[in-house]
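Heads up, the thing below is written out as structure tokens.
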Amino acid sequence: MVGYLARRLAGYVVLCLVATFLAFTLAAATFNPIGLLRQRQPPPPEATIQAKFHELRLDQPIPRRFLTWLTGVLHGDFGNTWQGQPITDELWRRAGVSLRLFLLGTAVGILIGVLLGVWSAVRQYRPSDHVITIASFVILSTPVFVLGTLLKYGALEVNDLVGSDYLKYTNESTPGFEGSWLASLGDRLRYLIVPTITIALFQIGFYSRYQRSAMLDVLGSDFLRTARAKGLTRRRALFKHGLRTALIPMATLFGFGFGLLITGGVFTERIFSWHGMGEWLVQGISSQDTNIVATVTLFIAVMVLVSGWLSDVLYALLDPRIRVRS
């Protein structure tokens with residue numbers, strides 16, 4: 001199994017570098033920061049424009065510019081924006097925001113989605129199955145910005161009902177909040193509840209549908225009937241053998257779904273005023289900043305790498321054939 005995981009990790013690292021290089025190349029070939037500089041009113045002196053041109057290394061070939069940027073990244077320096085602001089500090093702050101927001105929402109969504117999918121499959125065509133199916137399709141067909149706005153109104157109603165403003169939904173924490181680390185954690189959790197529910201609801205609808213389908217494929221299998229014939233109860237056979245097998249095709253979805261969720265979380269971050277990586281990517285594109293786009297792409301690629309590799313670990317643990325082949 002170790003050899004299998006090592007080969008998969010090496011492949012992910014190569015793909016990570018390729019994806020970052022392609023994003024850097026596309027951005028460098030299409031962006032025109034000097035044109036934006038010339039459009040300022042009043043326009044800066046030509047000497048300033050030429051100095052910025054050489055500072056951004058626009059006179060160098062794109063592969064050479066990428067190697068220069070990558071060398072800095074390997075030393076912990078992600079460069080500057082074309083306006084001269086350092087990227088590294090902003091990267092870690094925004095990465096922390098996105099991970100705090102999406103990790104919890106994804107974990108809750110996967111756990112509840114899998115359980116509902118299994119329950120729906122075991123009770124196929126019963127009222128509970130129909131209710132879960134209809135609710136999932138309603139959630140999946142609702143755009144995230146509509147779902148987030150509805151939950152904001154719901155939070156307002158809850159606050160009015162209990163006579164308190166406990167459920168916060170704008171910003172990441174109370175501005176100027178001072179207190180112990182425990183009080184600060186409680187304050188941040190209040191702002192995290194509604195955005196987390198927004199993310200988790202879509203994940204629940206998504207994973208419950210896939211898990212139901214995977215579980216239905218397993219319910220009529222021969223190995224479950226064999227397990228029952230050997231004396232296992234239906235519940236023990238389902239959870240010990242059926243669920244483990246049904247989770248195998250889901251492992252890939254668990255891994256790659258999280259990495260792609262960050263790029264699709266722009267609306268969630270915008271709705272709740274969370275200044276994370278998705279919002280930063282939009283800002284980088286609108287300001288035509290190659291370094292920001294490359295940095296965000298690298299971050300997303302690393303998240304896909306880590307989550308994909310963890311899904312491979314889960315896959316290997318669930319499927320003994322992987323351990324035998326490796």
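Residues are referred to by chain and number: the chain letter is A, B, ... according to the order shown in the structure tokens, the number counts from 1 in that chain, and ligands are numbered separately from 1 in the order shown.
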
Would you mind listing what lies within 7 Å of segment 113-125 of chain A as an mmCIF file with N, CA, C and O atoms, in the first residue's frame, with only C-alpha atoms counted and same-chain residues fewer than 3 positions away left out?
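Saved the output as out-v9.cif:
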data_model
loop_
_atom_site.group_PDB
_atom_site.id
_atom_site.type_symbol
_atom_site.label_atom_id
_atom_site.label_comp_id
_atom_site.auth_asym_id
_atom_site.auth_seq_id
_atom_site.Cartn_x
_atom_site.Cartn_y
_atom_site.Cartn_z
ATOM 1 N N GLY A 109 -21.302 18.138 5.900
ATOM 2 C CA GLY A 109 -22.068 17.719 4.732
ATOM 3 C C GLY A 109 -21.814 16.277 4.345
ATOM 4 O O GLY A 109 -22.750 15.528 4.014
ATOM 5 N N ILE A 110 -20.542 15.844 4.390
ATOM 6 C CA ILE A 110 -20.211 14.458 4.035
ATOM 7 C C ILE A 110 -20.836 13.486 5.035
ATOM 8 O O ILE A 110 -21.459 12.483 4.650
ATOM 9 N N SER A 128 -39.867 8.104 3.978
ATOM 10 C CA SER A 128 -38.620 8.793 4.331
ATOM 11 C C SER A 128 -37.695 8.922 3.129
ATOM 12 O O SER A 128 -37.010 9.937 2.954
ATOM 13 N N ASP A 129 -37.675 7.907 2.264
ATOM 14 C CA ASP A 129 -36.866 7.956 1.050
ATOM 15 C C ASP A 129 -37.360 9.060 0.121
ATOM 16 O O ASP A 129 -36.567 9.823 -0.444
ATOM 17 N N HIS A 130 -38.665 9.174 -0.040
ATOM 18 C CA HIS A 130 -39.228 10.211 -0.900
ATOM 19 C C HIS A 130 -38.942 11.602 -0.342
ATOM 20 O O HIS A 130 -38.633 12.539 -1.096
ATOM 21 N N ILE A 132 -36.404 12.547 1.615
ATOM 22 C CA ILE A 132 -34.982 12.848 1.435
ATOM 23 C C ILE A 132 -34.676 13.165 -0.022
ATOM 24 O O ILE A 132 -33.925 14.099 -0.335
ATOM 25 N N GLN A 203 -23.734 20.091 0.203
ATOM 26 C CA GLN A 203 -22.967 18.855 0.287
ATOM 27 C C GLN A 203 -23.854 17.677 0.696
ATOM 28 O O GLN A 203 -23.690 16.561 0.187
ATOM 29 N N ILE A 204 -24.793 17.922 1.601
ATOM 30 C CA ILE A 204 -25.707 16.861 2.028
ATOM 31 C C ILE A 204 -26.544 16.373 0.849
ATOM 32 O O ILE A 204 -26.687 15.164 0.628
ATOM 33 N N GLY A 205 -27.116 17.312 0.094
ATOM 34 C CA GLY A 205 -27.909 16.926 -1.066
ATOM 35 C C GLY A 205 -27.088 16.165 -2.092
ATOM 36 O O GLY A 205 -27.550 15.172 -2.670
ATOM 37 N N TYR A 207 -24.017 14.448 -1.726
ATOM 38 C CA TYR A 207 -23.493 13.148 -1.309
ATOM 39 C C TYR A 207 -24.599 12.149 -0.993
ATOM 40 O O TYR A 207 -24.398 10.934 -1.158
ATOM 41 N N SER A 208 -25.749 12.611 -0.532
ATOM 42 C CA SER A 208 -26.833 11.672 -0.236
ATOM 43 C C SER A 208 -27.320 10.982 -1.505
ATOM 44 O O SER A 208 -27.665 9.796 -1.486
ATOM 45 N N ARG A 209 -27.338 11.705 -2.637
ATOM 46 C CA ARG A 209 -27.776 11.099 -3.895
ATOM 47 C C ARG A 209 -26.784 10.029 -4.361
ATOM 48 O O ARG A 209 -27.170 8.929 -4.763
ATOM 49 N N GLN A 211 -24.517 8.461 -2.494
ATOM 50 C CA GLN A 211 -24.422 7.361 -1.538
ATOM 51 C C GLN A 211 -25.628 6.433 -1.651
ATOM 52 O O GLN A 211 -25.498 5.207 -1.523
ATOM 53 N N ARG A 212 -26.798 6.990 -1.899
ATOM 54 C CA ARG A 212 -27.990 6.158 -2.091
ATOM 55 C C ARG A 212 -27.807 5.217 -3.282
ATOM 56 O O ARG A 212 -28.109 4.020 -3.205
ATOM 57 N N MET A 215 -25.197 2.552 -2.491
ATOM 58 C CA MET A 215 -25.698 1.576 -1.518
ATOM 59 C C MET A 215 -26.708 0.637 -2.164
ATOM 60 O O MET A 215 -26.726 -0.569 -1.858
ATOM 61 N N LEU A 216 -27.534 1.153 -3.070
ATOM 62 C CA LEU A 216 -28.496 0.294 -3.752
ATOM 63 C C LEU A 216 -27.801 -0.770 -4.593
ATOM 64 O O LEU A 216 -28.305 -1.895 -4.742
#

Against segment 149-152 of chain A, which residues of segment 177-282 of chain A fall within 10 Å? For each one I want the closest pair of atoms and the distance in Å (one decimal), counting only C-alpha atoms, rows by chain and increasing residue number, as JSON lines.
{"residue": "A:Val194", "atom": "CA", "partner": "A:Leu151", "partner_atom": "CA", "distance": 6.8}
{"residue": "A:Pro195", "atom": "CA", "partner": "A:Leu151", "partner_atom": "CA", "distance": 8.5}
{"residue": "A:Ile197", "atom": "CA", "partner": "A:Leu151", "partner_atom": "CA", "distance": 8.3}
{"residue": "A:Thr198", "atom": "CA", "partner": "A:Leu151", "partner_atom": "CA", "distance": 7.2}
{"residue": "A:Thr268", "atom": "CA", "partner": "A:Thr149", "partner_atom": "CA", "distance": 9.7}
{"residue": "A:Ile271", "atom": "CA", "partner": "A:Thr149", "partner_atom": "CA", "distance": 7.3}
{"residue": "A:Phe272", "atom": "CA", "partner": "A:Lys152", "partner_atom": "CA", "distance": 8.7}

Would you save the residues of that selection, restricted to N, CA and C atoms, as an mmCIF file, in the first residue's frame?
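Result written to result_38.cif:
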data_model
loop_
_atom_site.group_PDB
_atom_site.id
_atom_site.type_symbol
_atom_site.label_atom_id
_atom_site.label_comp_id
_atom_site.auth_asym_id
_atom_site.auth_seq_id
_atom_site.Cartn_x
_atom_site.Cartn_y
_atom_site.Cartn_z
ATOM 1 N N VAL A 194 -24.116 30.106 10.205
ATOM 2 C CA VAL A 194 -24.977 30.243 9.019
ATOM 3 C C VAL A 194 -24.207 29.925 7.726
ATOM 4 N N PRO A 195 -22.980 30.449 7.507
ATOM 5 C CA PRO A 195 -22.242 30.048 6.301
ATOM 6 C C PRO A 195 -21.955 28.554 6.237
ATOM 7 N N ILE A 197 -23.804 26.139 7.473
ATOM 8 C CA ILE A 197 -25.047 25.464 7.086
ATOM 9 C C ILE A 197 -25.270 25.600 5.589
ATOM 10 N N THR A 198 -24.953 26.769 5.033
ATOM 11 C CA THR A 198 -25.112 26.983 3.595
ATOM 12 C C THR A 198 -24.278 25.988 2.801
ATOM 13 N N THR A 268 -20.488 32.128 -1.772
ATOM 14 C CA THR A 268 -20.650 32.006 -0.321
ATOM 15 C C THR A 268 -19.835 33.056 0.413
ATOM 16 N N ILE A 271 -21.508 36.517 -0.156
ATOM 17 C CA ILE A 271 -22.772 36.704 0.545
ATOM 18 C C ILE A 271 -22.550 37.028 2.011
ATOM 19 N N PHE A 272 -21.600 36.318 2.629
ATOM 20 C CA PHE A 272 -21.381 36.466 4.063
ATOM 21 C C PHE A 272 -20.163 37.327 4.394
#

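Surrounding segment 25-37 of chain A within 9 Å are A:Thr20, A:Phe21, A:Leu22, A:Arg40, A:Pro43, A:Pro44, A:Ile49, A:Gln50, A:Lys52, A:Phe53, A:Leu58, A:Ile62, A:Pro63, A:Phe66, A:Trp82, A:Ile285, A:Ser287, A:Gln288, A:Asp289, A:Thr290, A:Asn291, A:Val293, A:Ala294, with only C-alpha atoms counted and residues fewer than 3 positions along the same chain left out.
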
Residues near Leu247 of chain A, cut-off 8 Å, only C-alpha atoms, skip fewer than 4 positions along chain, as a PyMOL selection string = chain A and resi 211+214+243+251+318

Quick one: residues within 12 Å of Gln85 of chain A, only C-alpha atoms counted, chain neighbours fewer than 5 positions away excluded, as a PyMOL selection string?
-> chain A and resi 78-80+90-91+289+291-292

Write a file of the selected residues as a PDB file, in the first residue's frame, keeping C-alpha atoms.
ATOM      1  CA  PHE A  78       5.113  34.360  -3.361  1.00  0.00           C
ATOM      2  CA  GLY A  79       6.160  37.701  -4.786  1.00  0.00           C
ATOM      3  CA  ASN A  80       4.230  40.961  -4.877  1.00  0.00           C
ATOM      4  CA  GLU A  90      -2.329  37.967   2.478  1.00  0.00           C
ATOM      5  CA  LEU A  91      -2.144  34.345   1.294  1.00  0.00           C
ATOM      6  CA  ASP A 289      -2.429  40.326 -11.504  1.00  0.00           C
ATOM      7  CA  ASN A 291       1.071  36.508  -9.275  1.00  0.00           C
ATOM      8  CA  ILE A 292      -2.263  36.459  -7.440  1.00  0.00           C
TER       9      ILE A 292
END

Using only C-alpha atoms, the shortest atom-to-atom distance to Leu261 of chain A among A:Thr245, A:Ser98, A:Thr81, A:Thr88 belongs to A:Ser98

Shell of 12 Å around Glu269 of chain A, only C-alpha atoms, local chain residues under 2 positions omitted, as a VMD selection string | chain A and resid 94 97 to 102 144 to 145 148 169 to 172 192 194 to 196 198 to 199 261 to 267 271 to 282

Expected file: the selected residues, C-alpha atoms, as a PDB file, in the first residue's frame:
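The result, written out as part-v3.pdb:
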ATOM      1  CA  ARG A  94      -7.101  34.262   3.244  1.00  0.00           C
ATOM      2  CA  VAL A  97     -10.438  32.046   6.212  1.00  0.00           C
ATOM      3  CA  SER A  98     -11.309  29.630   3.400  1.00  0.00           C
ATOM      4  CA  LEU A  99     -10.160  26.522   5.265  1.00  0.00           C
ATOM      5  CA  ARG A 100     -12.047  27.529   8.398  1.00  0.00           C
ATOM      6  CA  LEU A 101     -15.197  28.060   6.362  1.00  0.00           C
ATOM      7  CA  PHE A 102     -15.085  25.069   4.002  1.00  0.00           C
ATOM      8  CA  VAL A 144     -26.028  28.952  -3.625  1.00  0.00           C
ATOM      9  CA  PHE A 145     -26.575  32.719  -3.587  1.00  0.00           C
ATOM     10  CA  GLY A 148     -27.418  31.757   1.355  1.00  0.00           C
ATOM     11  CA  TYR A 169     -23.907  36.124   9.235  1.00  0.00           C
ATOM     12  CA  THR A 170     -21.804  39.071   8.043  1.00  0.00           C
ATOM     13  CA  ASN A 171     -18.000  39.170   8.451  1.00  0.00           C
ATOM     14  CA  GLU A 172     -15.779  36.634  10.176  1.00  0.00           C
ATOM     15  CA  LEU A 192     -19.523  30.531  11.316  1.00  0.00           C
ATOM     16  CA  VAL A 194     -24.977  30.243   9.019  1.00  0.00           C
ATOM     17  CA  PRO A 195     -22.242  30.048   6.301  1.00  0.00           C
ATOM     18  CA  THR A 196     -21.405  26.512   7.403  1.00  0.00           C
ATOM     19  CA  THR A 198     -25.112  26.983   3.595  1.00  0.00           C
ATOM     20  CA  ILE A 199     -22.133  24.893   2.491  1.00  0.00           C
ATOM     21  CA  LEU A 261     -15.388  23.593  -3.504  1.00  0.00           C
ATOM     22  CA  ILE A 262     -12.928  26.403  -2.725  1.00  0.00           C
ATOM     23  CA  THR A 263     -13.090  27.760  -6.264  1.00  0.00           C
ATOM     24  CA  GLY A 264     -16.862  27.492  -6.259  1.00  0.00           C
ATOM     25  CA  GLY A 265     -17.137  29.210  -2.888  1.00  0.00           C
ATOM     26  CA  VAL A 266     -16.918  32.727  -4.310  1.00  0.00           C
ATOM     27  CA  PHE A 267     -20.653  33.302  -3.892  1.00  0.00           C
ATOM     28  CA  ILE A 271     -22.772  36.704   0.545  1.00  0.00           C
ATOM     29  CA  PHE A 272     -21.381  36.466   4.063  1.00  0.00           C
ATOM     30  CA  SER A 273     -18.448  38.903   3.577  1.00  0.00           C
ATOM     31  CA  TRP A 274     -15.775  36.275   4.185  1.00  0.00           C
ATOM     32  CA  HIS A 275     -12.611  37.439   2.456  1.00  0.00           C
ATOM     33  CA  GLY A 276     -11.121  34.123   1.379  1.00  0.00           C
ATOM     34  CA  MET A 277      -9.323  32.603  -1.586  1.00  0.00           C
ATOM     35  CA  GLY A 278     -12.304  32.565  -3.933  1.00  0.00           C
ATOM     36  CA  GLU A 279     -12.860  36.287  -3.580  1.00  0.00           C
ATOM     37  CA  TRP A 280      -9.126  36.891  -3.950  1.00  0.00           C
ATOM     38  CA  LEU A 281      -9.061  34.981  -7.235  1.00  0.00           C
ATOM     39  CA  VAL A 282     -11.816  37.207  -8.624  1.00  0.00           C
TER      40      VAL A 282
END

Just how far from atom CA of Leu310 of chain A is atom CA of Gly255 of chain A, in Å to one decimal?
->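 Computed distance, atom CA of Gly255 of chain A to atom CA of Leu310 of chain A, equals 6.6 Å.
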
Report as an MDAnalysis selection string: the residues of segment 74-276 of chain A with a DSSP assignment of helix (DSSP H, G or I), based on the backbone of this structure.
-> chainID A and resid 74 88:122 127:140 144:162 181:219 222:229 234:246 250:263 266:271
